[in-house]
file query-v6.pdb (PDB, C-alpha atoms, pLDDT in the B column)
ATOM      1  CA  MET M   1     152.346 102.693  94.189  1.00 93.00           C
ATOM      2  CA  LYS M   2     149.047 103.880  95.559  1.00 96.00           C
ATOM      3  CA  PRO M   3     149.063 103.850  99.371  1.00 97.00           C
ATOM      4  CA  THR M   4     145.989 101.643  99.671  1.00 98.00           C
ATOM      5  CA  ASP M   5     147.508  99.056  97.301  1.00 98.00           C
ATOM      6  CA  LEU M   6     150.669  99.043  99.399  1.00 97.00           C
ATOM      7  CA  PHE M   7     148.655  98.683 102.624  1.00 97.00           C
ATOM      8  CA  LYS M   8     146.662  95.775 101.146  1.00 97.00           C
ATOM      9  CA  MET M   9     149.924  94.036 100.283  1.00 97.00           C
ATOM     10  CA  MET M  10     151.372  94.679 103.728  1.00 95.00           C
ATOM     11  CA  PHE M  11     148.344  93.840 105.864  1.00 95.00           C
ATOM     12  CA  ALA M  12     146.416  91.350 103.656  1.00 95.00           C
ATOM     13  CA  ASP M  13     143.403  90.280 105.746  1.00 95.00           C
ATOM     14  CA  ARG M  14     144.648  91.895 108.989  1.00 97.00           C
ATOM     15  CA  PHE M  15     143.169  95.067 110.468  1.00 96.00           C
ATOM     16  CA  PHE M  16     144.785  98.368 109.494  1.00 96.00           C
ATOM     17  CA  TYR M  17     142.849 101.497 110.325  1.00 96.00           C
ATOM     18  CA  MET M  18     143.650 103.323 107.079  1.00 97.00           C
ATOM     19  CA  LEU M  19     142.109 100.485 105.081  1.00 97.00           C
ATOM     20  CA  TYR M  20     139.156 100.261 107.475  1.00 98.00           C
ATOM     21  CA  PHE M  21     138.479 103.949 106.852  1.00 98.00           C
ATOM     22  CA  GLN M  22     138.267 103.513 103.049  1.00 98.00           C
ATOM     23  CA  GLU M  23     134.627 102.391 102.878  1.00 97.00           C
ATOM     24  CA  VAL M  24     132.097 105.118 103.618  1.00 97.00           C
ATOM     25  CA  GLY M  25     129.793 104.108 106.448  1.00 98.00           C
ATOM     26  CA  PRO M  26     131.321 101.552 108.825  1.00 97.00           C
ATOM     27  CA  ALA M  27     133.786 103.920 110.509  1.00 98.00           C
ATOM     28  CA  GLU M  28     131.206 106.695 110.780  1.00 98.00           C
ATOM     29  CA  ARG M  29     128.645 104.349 112.358  1.00 98.00           C
ATOM     30  CA  GLU M  30     131.205 103.042 114.832  1.00 98.00           C
ATOM     31  CA  LEU M  31     132.684 106.407 115.826  1.00 98.00           C
ATOM     32  CA  GLU M  32     129.352 108.263 115.949  1.00 98.00           C
ATOM     33  CA  ALA M  33     127.521 105.606 118.003  1.00 98.00           C
ATOM     34  CA  ASP M  34     128.797 107.182 121.253  1.00 98.00           C
ATOM     35  CA  ILE M  35     130.901 110.237 120.507  1.00 98.00           C
ATOM     36  CA  ARG M  36     131.909 110.842 124.136  1.00 98.00           C
ATOM     37  CA  HIS M  37     133.167 107.260 124.401  1.00 98.00           C
ATOM     38  CA  THR M  38     134.919 107.584 121.024  1.00 98.00           C
ATOM     39  CA  MET M  39     136.755 110.772 121.938  1.00 98.00           C
ATOM     40  CA  HIS M  40     137.664 109.515 125.413  1.00 98.00           C
ATOM     41  CA  THR M  41     138.996 106.275 123.928  1.00 98.00           C
ATOM     42  CA  ILE M  42     140.959 107.897 121.100  1.00 97.00           C
ATOM     43  CA  MET M  43     142.496 110.596 123.297  1.00 97.00           C
ATOM     44  CA  TRP M  44     143.628 108.020 125.857  1.00 97.00           C
ATOM     45  CA  GLY M  45     144.434 105.277 123.376  1.00 95.00           C
ATOM     46  CA  ALA M  46     146.903 107.275 121.285  1.00 96.00           C
ATOM     47  CA  SER M  47     148.550 108.937 124.280  1.00 97.00           C
ATOM     48  CA  GLY M  48     151.997 108.249 125.651  1.00 96.00           C
ATOM     49  CA  ASP M  49     150.379 107.050 128.880  1.00 95.00           C
ATOM     50  CA  MET M  50     148.717 104.166 127.025  1.00 94.00           C
ATOM     51  CA  TYR M  51     151.542 103.348 124.615  1.00 93.00           C
ATOM     52  CA  ARG M  52     152.290  99.664 124.161  1.00 90.00           C
ATOM     53  CA  PRO M  53     154.589  98.433 121.403  1.00 87.00           C
ATOM     54  CA  GLY M  54     152.562  96.990 118.551  1.00 82.00           C
ATOM     55  CA  PRO M  55     152.901  93.470 117.250  1.00 84.00           C
ATOM     56  CA  THR M  56     156.075  92.642 115.396  1.00 84.00           C
ATOM     57  CA  ASP M  57     154.244  90.118 113.220  1.00 90.00           C
ATOM     58  CA  ILE M  58     151.336  91.267 111.038  1.00 90.00           C
ATOM     59  CA  ASN M  59     149.547  88.003 111.842  1.00 92.00           C
ATOM     60  CA  GLU M  60     149.268  89.134 115.464  1.00 92.00           C
ATOM     61  CA  LEU M  61     146.861  91.873 114.343  1.00 93.00           C
ATOM     62  CA  PRO M  62     143.155  91.033 114.486  1.00 94.00           C
ATOM     63  CA  PRO M  63     141.353  90.139 111.260  1.00 95.00           C
ATOM     64  CA  MET M  64     140.025  93.001 109.139  1.00 94.00           C
ATOM     65  CA  VAL M  65     136.520  91.527 109.076  1.00 94.00           C
ATOM     66  CA  GLY M  66     134.730  92.042 112.365  1.00 94.00           C
ATOM     67  CA  THR M  67     137.231  94.510 113.841  1.00 95.00           C
ATOM     68  CA  GLY M  68     136.549  98.199 114.411  1.00 96.00           C
ATOM     69  CA  PHE M  69     138.865 101.120 115.018  1.00 97.00           C
ATOM     70  CA  LEU M  70     138.032 101.411 118.719  1.00 97.00           C
ATOM     71  CA  ASP M  71     138.802  97.705 119.195  1.00 96.00           C
ATOM     72  CA  MET M  72     142.469  98.632 118.823  1.00 93.00           C
ATOM     73  CA  PHE M  73     142.494 100.509 122.138  1.00 94.00           C
ATOM     74  CA  LYS M  74     142.596  98.228 125.183  1.00 90.00           C
ATOM     75  CA  ASP M  75     142.341  98.933 128.915  1.00 93.00           C
ATOM     76  CA  VAL M  76     141.380 102.605 128.579  1.00 96.00           C
ATOM     77  CA  PRO M  77     140.840 104.057 132.069  1.00 97.00           C
ATOM     78  CA  PRO M  78     137.451 105.595 132.874  1.00 96.00           C
ATOM     79  CA  HIS M  79     138.992 108.894 134.047  1.00 97.00           C
ATOM     80  CA  LEU M  80     140.563 111.539 131.809  1.00 96.00           C
ATOM     81  CA  PRO M  81     144.314 111.762 131.273  1.00 96.00           C
ATOM     82  CA  SER M  82     145.960 114.508 133.340  1.00 95.00           C
ATOM     83  CA  TRP M  83     146.607 116.610 130.226  1.00 97.00           C
ATOM     84  CA  LEU M  84     142.972 116.565 129.010  1.00 97.00           C
ATOM     85  CA  SER M  85     140.401 118.720 130.789  1.00 97.00           C
ATOM     86  CA  GLN M  86     136.708 117.921 130.962  1.00 98.00           C
ATOM     87  CA  ALA M  87     136.053 121.218 129.144  1.00 98.00           C
ATOM     88  CA  ASP M  88     138.324 120.147 126.267  1.00 97.00           C
ATOM     89  CA  LEU M  89     136.664 116.745 125.995  1.00 98.00           C
ATOM     90  CA  ASP M  90     133.214 118.391 126.081  1.00 98.00           C
ATOM     91  CA  TYR M  91     134.306 120.726 123.282  1.00 98.00           C
ATOM     92  CA  TYR M  92     135.497 117.824 121.108  1.00 98.00           C
ATOM     93  CA  VAL M  93     132.269 115.932 121.755  1.00 98.00           C
ATOM     94  CA  LYS M  94     130.197 118.964 120.781  1.00 98.00           C
ATOM     95  CA  GLN M  95     132.152 119.554 117.578  1.00 98.00           C
ATOM     96  CA  TYR M  96     131.977 115.921 116.448  1.00 98.00           C
ATOM     97  CA  THR M  97     128.309 115.730 117.421  1.00 98.00           C
ATOM     98  CA  ASN M  98     127.705 118.677 115.087  1.00 98.00           C
ATOM     99  CA  SER M  99     129.945 117.539 112.217  1.00 97.00           C
ATOM    100  CA  GLY M 100     130.223 113.770 112.502  1.00 98.00           C
ATOM    101  CA  PHE M 101     133.309 111.839 111.436  1.00 98.00           C
ATOM    102  CA  PHE M 102     132.820 111.765 107.654  1.00 98.00           C
ATOM    103  CA  GLY M 103     135.186 114.717 107.055  1.00 97.00           C
ATOM    104  CA  PRO M 104     138.055 113.611 109.302  1.00 96.00           C
ATOM    105  CA  VAL M 105     137.882 109.982 108.152  1.00 97.00           C
ATOM    106  CA  SER M 106     137.739 111.102 104.525  1.00 97.00           C
ATOM    107  CA  TRP M 107     141.272 112.465 104.866  1.00 96.00           C
ATOM    108  CA  TYR M 108     142.346 108.806 104.753  1.00 97.00           C
ATOM    109  CA  ARG M 109     139.999 108.145 101.834  1.00 98.00           C
ATOM    110  CA  ASN M 110     141.909 110.759  99.868  1.00 98.00           C
ATOM    111  CA  LEU M 111     145.339 109.124 100.252  1.00 97.00           C
ATOM    112  CA  ASP M 112     145.319 107.678  96.737  1.00 98.00           C
ATOM    113  CA  ALA M 113     144.085 110.927  95.191  1.00 98.00           C
ATOM    114  CA  ASN M 114     146.852 112.840  96.998  1.00 96.00           C
ATOM    115  CA  PHE M 115     149.360 110.300  95.733  1.00 96.00           C
ATOM    116  CA  GLU M 116     148.209 110.826  92.136  1.00 96.00           C
ATOM    117  CA  VAL M 117     148.592 114.599  92.462  1.00 95.00           C
ATOM    118  CA  LEU M 118     151.974 114.483  94.192  1.00 91.00           C
ATOM    119  CA  LYS M 119     153.723 111.378  92.825  1.00 91.00           C
ATOM    120  CA  ASP M 120     155.659 113.234  90.134  1.00 92.00           C
ATOM    121  CA  LEU M 121     156.738 116.148  92.315  1.00 88.00           C
ATOM    122  CA  SER M 122     160.309 116.082  93.536  1.00 83.00           C
ATOM    123  CA  PRO M 123     160.978 116.591  97.275  1.00 78.00           C
ATOM    124  CA  GLU M 124     163.034 119.641  96.270  1.00 78.00           C
ATOM    125  CA  ARG M 125     159.699 121.421  95.781  1.00 79.00           C
ATOM    126  CA  ILE M 126     159.469 121.505  99.584  1.00 80.00           C
ATOM    127  CA  SER M 127     161.999 124.294  99.918  1.00 86.00           C
ATOM    128  CA  MET M 128     160.872 125.821 103.201  1.00 90.00           C
ATOM    129  CA  PRO M 129     162.706 124.883 106.414  1.00 93.00           C
ATOM    130  CA  THR M 130     161.254 121.719 107.928  1.00 91.00           C
ATOM    131  CA  TYR M 131     161.569 120.328 111.435  1.00 93.00           C
ATOM    132  CA  PHE M 132     159.970 117.240 112.945  1.00 94.00           C
ATOM    133  CA  ILE M 133     158.527 117.181 116.463  1.00 97.00           C
ATOM    134  CA  GLY M 134     157.083 113.942 117.786  1.00 97.00           C
ATOM    135  CA  GLY M 135     156.730 111.812 120.852  1.00 97.00           C
ATOM    136  CA  ASP M 136     158.773 108.712 121.597  1.00 97.00           C
ATOM    137  CA  LYS M 137     155.515 106.966 122.538  1.00 97.00           C
ATOM    138  CA  ASP M 138     153.541 107.972 119.454  1.00 96.00           C
ATOM    139  CA  GLY M 139     152.272 104.688 118.053  1.00 91.00           C
ATOM    140  CA  VAL M 140     152.631 106.032 114.507  1.00 91.00           C
ATOM    141  CA  ILE M 141     156.415 106.462 114.758  1.00 91.00           C
ATOM    142  CA  ALA M 142     157.636 104.777 117.973  1.00 89.00           C
ATOM    143  CA  SER M 143     158.431 101.421 116.387  1.00 87.00           C
ATOM    144  CA  ARG M 144     159.910 103.109 113.303  1.00 86.00           C
ATOM    145  CA  MET M 145     161.978 105.884 114.858  1.00 86.00           C
ATOM    146  CA  ASP M 146     164.844 104.984 112.525  1.00 88.00           C
ATOM    147  CA  THR M 147     162.748 106.236 109.581  1.00 86.00           C
ATOM    148  CA  VAL M 148     162.184 109.777 110.905  1.00 85.00           C
ATOM    149  CA  ASP M 149     165.500 111.301 109.796  1.00 84.00           C
ATOM    150  CA  PRO M 150     165.711 109.537 106.400  1.00 84.00           C
ATOM    151  CA  MET M 151     162.087 110.448 105.588  1.00 79.00           C
ATOM    152  CA  ASN M 152     162.468 114.081 106.563  1.00 78.00           C
ATOM    153  CA  ALA M 153     165.958 114.391 105.084  1.00 77.00           C
ATOM    154  CA  LEU M 154     164.352 114.026 101.656  1.00 83.00           C
ATOM    155  CA  THR M 155     163.387 117.683 101.982  1.00 85.00           C
ATOM    156  CA  PRO M 156     166.280 119.956 101.012  1.00 87.00           C
ATOM    157  CA  ASN M 157     165.985 122.259 104.011  1.00 89.00           C
ATOM    158  CA  TYR M 158     165.477 119.706 106.816  1.00 90.00           C
ATOM    159  CA  LYS M 159     166.593 121.215 110.118  1.00 91.00           C
ATOM    160  CA  GLY M 160     166.348 118.146 112.319  1.00 91.00           C
ATOM    161  CA  LYS M 161     163.961 116.775 114.878  1.00 94.00           C
ATOM    162  CA  ALA M 162     162.908 116.796 118.512  1.00 96.00           C
ATOM    163  CA  ILE M 163     161.604 113.544 119.946  1.00 97.00           C
ATOM    164  CA  ILE M 164     159.854 114.284 123.227  1.00 98.00           C
ATOM    165  CA  PRO M 165     160.157 111.573 125.893  1.00 97.00           C
ATOM    166  CA  GLY M 166     156.851 110.252 127.175  1.00 97.00           C
ATOM    167  CA  ALA M 167     154.697 112.008 124.570  1.00 98.00           C
ATOM    168  CA  GLY M 168     152.269 110.083 122.431  1.00 97.00           C
ATOM    169  CA  HIS M 169     150.295 111.163 119.387  1.00 97.00           C
ATOM    170  CA  TRP M 170     148.890 114.290 121.069  1.00 97.00           C
ATOM    171  CA  THR M 171     152.339 115.792 121.620  1.00 97.00           C
ATOM    172  CA  GLN M 172     151.225 119.424 121.930  1.00 97.00           C
ATOM    173  CA  GLN M 173     148.632 118.568 124.579  1.00 97.00           C
ATOM    174  CA  GLU M 174     150.535 115.908 126.475  1.00 98.00           C
ATOM    175  CA  LYS M 175     153.821 117.805 126.744  1.00 98.00           C
ATOM    176  CA  PRO M 176     153.067 121.469 125.896  1.00 98.00           C
ATOM    177  CA  ASP M 177     156.152 122.946 127.582  1.00 98.00           C
ATOM    178  CA  GLU M 178     158.513 120.533 125.863  1.00 98.00           C
ATOM    179  CA  PHE M 179     156.736 120.952 122.533  1.00 98.00           C
ATOM    180  CA  ASN M 180     156.858 124.751 122.735  1.00 98.00           C
ATOM    181  CA  ALA M 181     160.542 124.685 123.702  1.00 98.00           C
ATOM    182  CA  ALA M 182     161.336 122.491 120.683  1.00 98.00           C
ATOM    183  CA  LEU M 183     159.292 124.665 118.336  1.00 98.00           C
ATOM    184  CA  LEU M 184     160.864 127.893 119.618  1.00 98.00           C
ATOM    185  CA  ALA M 185     164.372 126.401 119.361  1.00 96.00           C
ATOM    186  CA  PHE M 186     163.677 125.550 115.707  1.00 96.00           C
ATOM    187  CA  LEU M 187     162.215 128.988 114.990  1.00 97.00           C
ATOM    188  CA  ARG M 188     165.305 130.649 116.460  1.00 95.00           C
ATOM    189  CA  THR M 189     167.400 128.954 113.764  1.00 92.00           C
ATOM    190  CA  LEU M 190     165.530 130.730 110.977  1.00 93.00           C
TER     191      LEU M 190
END
call {"tool": "encode", "arguments": {"input": "query-v6.pdb", "output": "C-alpha cells"}}
result
Amino acid sequence: MKPTDLFKMMFADRFFYMLYFQEVGPAERELEADIRHTMHTIMWGASGDMYRPGPTDINELPPMVGTGFLDMFKDVPPHLPSWLSQADLDYYVKQYTNSGFFGPVSWYRNLDANFEVLKDLSPERISMPTYFIGGDKDGVIASRMDTVDPMNALTPNYKGKAIIPGAGHWTQQEKPDEFNAALLAFLRTL
C-alpha cells in the first residue's frame, strides 16, 4: 500500500514526521523560521549523544495537530556536539538559508510517487552488492534492529551490515573512523 496510507493507519492522529511533511508550507515555515536553531537542533537531536528510546505505545506520541518537527527534540544542549564544528554548522546554515527546506522535505512528499514507480519491481533488480552501515543509536533503526537483516536480505547480493556502537543518524560524522573502517572492509570483499 502507499506509504502515507500505511502511516495514517499506524499513527492515526499522533505525530509522525513523514506525515507532517506531506503538506507544503507548515514544515518549511517551522524549519526556516530560525535556520541556525533548526540545524543545531536536528544535528544534536538525531545524534547518538541524544538518543532516547521512543515510546512503545503510539498513544504516547504527541497529537499531530499542534506539534511541529522540532518539538520532537528535547533537552538539546546549547553547545555543539564534539563531532560538529562551528564551520560545518555555519556551512549548513548558509546552504539552507539559500535554498530553504522545500527540496529536502519534498523527498518525503514523493514517497507515494516512488512507491507507484517501484511497487512492481522485484528486489532481484538490485543486483549490485549491498551493505548496511548504521548506528545503534540511530532513532530510525535502533528500536527495530531486528528488521535490518531481513529488510536488506531481500536484495540478492546482500553482504551484511556494520552497526556502529554509539552512533546516531549522522554515522559518518559522529564516528568517521569506525564508519570508514566498515566501508573499507565491505569494499575489500568485492
call {"tool": "atom_distance", "arguments": {"input": "query-v6.pdb", "atom1": "CA of Phe115 in chain M", "atom2": "CA of Lys2 in chain M"}}
result
6.4 Å
call {"tool": "resolve_selection", "arguments": {"input": "query-v6.pdb", "expression": "the PyMOL selection byres ((chain M and resi 142) around 10)", "output": "PDB file with C-alpha atoms, in the frame of the given file"}}
result
ATOM      1  CA  TYR M  51     151.542 103.348 124.615  1.00 93.00           C
ATOM      2  CA  ARG M  52     152.290  99.664 124.161  1.00 90.00           C
ATOM      3  CA  PRO M  53     154.589  98.433 121.403  1.00 87.00           C
ATOM      4  CA  GLY M  54     152.562  96.990 118.551  1.00 82.00           C
ATOM      5  CA  GLY M 134     157.083 113.942 117.786  1.00 97.00           C
ATOM      6  CA  GLY M 135     156.730 111.812 120.852  1.00 97.00           C
ATOM      7  CA  ASP M 136     158.773 108.712 121.597  1.00 97.00           C
ATOM      8  CA  LYS M 137     155.515 106.966 122.538  1.00 97.00           C
ATOM      9  CA  ASP M 138     153.541 107.972 119.454  1.00 96.00           C
ATOM     10  CA  GLY M 139     152.272 104.688 118.053  1.00 91.00           C
ATOM     11  CA  VAL M 140     152.631 106.032 114.507  1.00 91.00           C
ATOM     12  CA  ILE M 141     156.415 106.462 114.758  1.00 91.00           C
ATOM     13  CA  SER M 143     158.431 101.421 116.387  1.00 87.00           C
ATOM     14  CA  ARG M 144     159.910 103.109 113.303  1.00 86.00           C
ATOM     15  CA  MET M 145     161.978 105.884 114.858  1.00 86.00           C
ATOM     16  CA  ASP M 146     164.844 104.984 112.525  1.00 88.00           C
ATOM     17  CA  THR M 147     162.748 106.236 109.581  1.00 86.00           C
ATOM     18  CA  VAL M 148     162.184 109.777 110.905  1.00 85.00           C
ATOM     19  CA  ILE M 163     161.604 113.544 119.946  1.00 97.00           C
ATOM     20  CA  GLY M 168     152.269 110.083 122.431  1.00 97.00           C
ATOM     21  CA  HIS M 169     150.295 111.163 119.387  1.00 97.00           C
TER      22      HIS M 169
END
call {"tool": "closest_residue", "arguments": {"input": "query-v6.pdb", "among": "M:Ala113, M:Ile58, M:Leu187, M:Leu80", "to": "Thr130 in chain M", "atoms": "only C-alpha atoms"}}
result
M:Leu187
call {"tool": "closest_residue", "arguments": {"input": "query-v6.pdb", "among": "M:Lys74, M:Lys175, M:Lys119, M:Arg109", "to": "Phe21 in chain M", "atoms": "only C-alpha atoms"}}
result
M:Arg109
call {"tool": "atom_distance", "arguments": {"input": "query-v6.pdb", "atom1": "CA of Gly48 in chain M", "atom2": "CA of Pro176 in chain M"}}
result
13.3 Å
call {"tool": "residues_near_point", "arguments": {"input": "query-v6.pdb", "point": "(132.6, 118.9, 124.5)", "cutoff": "12 Å", "atoms": "all atoms listed in the file", "output": "list in words"}}
result
Ile35, Arg36, His37, Met39, His40, Leu84, Ser85, Gln86, Ala87, Asp88, Leu89, Asp90, Tyr91, Tyr92, Val93, Lys94, Gln95, Tyr96, Thr97 and Asn98 of chain M
call {"tool": "atom_distance", "arguments": {"input": "query-v6.pdb", "atom1": "CA of Asp34 in chain M", "atom2": "CA of Thr4 in chain M"}}
result
28.1 Å
call {"tool": "residues_around", "arguments": {"input": "query-v6.pdb", "residues": "range 22-27 of chain M", "least_positions_apart": "3", "cutoff": "12 Å", "atoms": "only C-alpha atoms", "output": "VMD selection string"}}
result
chain M and resid 3 to 5 7 to 8 16 to 19 30 to 33 38 65 to 71 100 to 112
call {"tool": "residues_around", "arguments": {"input": "query-v6.pdb", "residues": "Asn152 in chain M", "least_positions_apart": "4", "cutoff": "10 Å", "atoms": "only C-alpha atoms", "output": "tab-separated table (two decimals) with C-alpha atoms, in the frame of the given file"}}
result
chain	number	residue	atom	x	y	z
M	123	PRO	CA	160.98	116.59	97.28
M	130	THR	CA	161.25	121.72	107.93
M	131	TYR	CA	161.57	120.33	111.44
M	132	PHE	CA	159.97	117.24	112.94
M	147	THR	CA	162.75	106.24	109.58
M	148	VAL	CA	162.18	109.78	110.90
M	156	PRO	CA	166.28	119.96	101.01
M	157	ASN	CA	165.98	122.26	104.01
M	158	TYR	CA	165.48	119.71	106.82
M	159	LYS	CA	166.59	121.22	110.12
M	160	GLY	CA	166.35	118.15	112.32
M	161	LYS	CA	163.96	116.78	114.88
call {"tool": "closest_residue", "arguments": {"input": "query-v6.pdb", "among": "M:Val117, M:Ser127, M:Ala162, M:Ser99", "to": "Ala182 in chain M", "atoms": "all atoms listed in the file"}}
result
M:Ala162
call {"tool": "closest_residue", "arguments": {"input": "query-v6.pdb", "among": "M:Trp44, M:Phe186, M:Trp170, M:Phe11", "to": "Phe73 in chain M", "atoms": "all atoms listed in the file"}}
result
M:Trp44
call {"tool": "closest_residue", "arguments": {"input": "query-v6.pdb", "among": "M:Glu124, M:Glu116, M:Asp75, M:Glu178", "to": "Pro165 in chain M", "atoms": "all atoms listed in the file"}}
result
M:Glu178
call {"tool": "closest_residue", "arguments": {"input": "query-v6.pdb", "among": "M:Glu60, M:Thr41, M:Ala46, M:Gln173", "to": "Pro77 in chain M", "atoms": "all atoms listed in the file"}}
result
M:Thr41
call {"tool": "build_atoms", "arguments": {"input": "query-v6.pdb", "residues": "range 118-147 of chain M", "atoms": "N, CA and C atoms", "output": "CSV table (one decimal), keeping the file's coordinate frame"}}
result
chain,number,residue,atom,x,y,z
M,118,LEU,N,150.6,114.2,93.7
M,118,LEU,CA,152.0,114.5,94.2
M,118,LEU,C,153.1,113.5,93.7
M,119,LYS,N,152.7,112.4,93.1
M,119,LYS,CA,153.7,111.4,92.8
M,119,LYS,C,154.9,111.8,91.9
M,120,ASP,N,154.6,112.8,91.1
M,120,ASP,CA,155.7,113.2,90.1
M,120,ASP,C,156.4,114.5,90.6
M,121,LEU,N,156.1,115.0,91.8
M,121,LEU,CA,156.7,116.1,92.3
M,121,LEU,C,158.0,115.7,93.1
M,122,SER,N,159.1,116.4,92.8
M,122,SER,CA,160.3,116.1,93.5
M,122,SER,C,160.3,116.7,95.0
M,123,PRO,N,160.9,116.0,95.9
M,123,PRO,CA,161.0,116.6,97.3
M,123,PRO,C,161.6,118.0,97.3
M,124,GLU,N,162.4,118.3,96.3
M,124,GLU,CA,163.0,119.6,96.3
M,124,GLU,C,162.0,120.8,96.2
M,125,ARG,N,160.8,120.4,95.8
M,125,ARG,CA,159.7,121.4,95.8
M,125,ARG,C,159.4,121.9,97.2
M,126,ILE,N,159.7,121.1,98.2
M,126,ILE,CA,159.5,121.5,99.6
M,126,ILE,C,160.7,122.3,100.0
M,127,SER,N,160.8,123.5,99.7
M,127,SER,CA,162.0,124.3,99.9
M,127,SER,C,162.0,125.0,101.3
M,128,MET,N,160.9,125.1,101.9
M,128,MET,CA,160.9,125.8,103.2
M,128,MET,C,161.6,125.0,104.3
M,129,PRO,N,162.1,125.6,105.3
M,129,PRO,CA,162.7,124.9,106.4
M,129,PRO,C,161.7,123.9,107.0
M,130,THR,N,162.1,122.7,107.3
M,130,THR,CA,161.3,121.7,107.9
M,130,THR,C,161.9,121.2,109.2
M,131,TYR,N,161.1,120.8,110.1
M,131,TYR,CA,161.6,120.3,111.4
M,131,TYR,C,160.5,119.4,111.9
M,132,PHE,N,160.9,118.3,112.5
M,132,PHE,CA,160.0,117.2,112.9
M,132,PHE,C,159.9,117.2,114.5
M,133,ILE,N,158.7,117.3,115.0
M,133,ILE,CA,158.5,117.2,116.5
M,133,ILE,C,157.6,116.0,116.7
M,134,GLY,N,157.9,115.1,117.5
M,134,GLY,CA,157.1,113.9,117.8
M,134,GLY,C,157.4,113.4,119.2
M,135,GLY,N,156.6,112.5,119.6
M,135,GLY,CA,156.7,111.8,120.9
M,135,GLY,C,157.3,110.4,120.7
M,136,ASP,N,158.2,110.0,121.7
M,136,ASP,CA,158.8,108.7,121.6
M,136,ASP,C,157.8,107.6,121.9
M,137,LYS,N,156.6,108.0,122.3
M,137,LYS,CA,155.5,107.0,122.5
M,137,LYS,C,154.3,107.2,121.6
M,138,ASP,N,154.6,107.8,120.5
M,138,ASP,CA,153.5,108.0,119.5
M,138,ASP,C,153.5,106.7,118.7
M,139,GLY,N,152.4,106.0,118.7
M,139,GLY,CA,152.3,104.7,118.1
M,139,GLY,C,152.5,104.7,116.6
M,140,VAL,N,152.4,105.9,115.9
M,140,VAL,CA,152.6,106.0,114.5
M,140,VAL,C,154.1,105.9,114.2
M,141,ILE,N,155.0,106.4,115.1
M,141,ILE,CA,156.4,106.5,114.8
M,141,ILE,C,157.3,105.7,115.7
M,142,ALA,N,156.8,105.3,116.9
M,142,ALA,CA,157.6,104.8,118.0
M,142,ALA,C,158.4,103.5,117.5
M,143,SER,N,157.7,102.7,116.8
M,143,SER,CA,158.4,101.4,116.4
M,143,SER,C,159.2,101.6,115.1
M,144,ARG,N,159.2,102.8,114.5
M,144,ARG,CA,159.9,103.1,113.3
M,144,ARG,C,160.7,104.4,113.4
M,145,MET,N,161.2,104.6,114.6
M,145,MET,CA,162.0,105.9,114.9
M,145,MET,C,163.2,106.0,113.9
M,146,ASP,N,163.7,104.9,113.4
M,146,ASP,CA,164.8,105.0,112.5
M,146,ASP,C,164.5,105.5,111.1
M,147,THR,N,163.2,105.7,110.9
M,147,THR,CA,162.7,106.2,109.6
M,147,THR,C,162.5,107.7,109.6
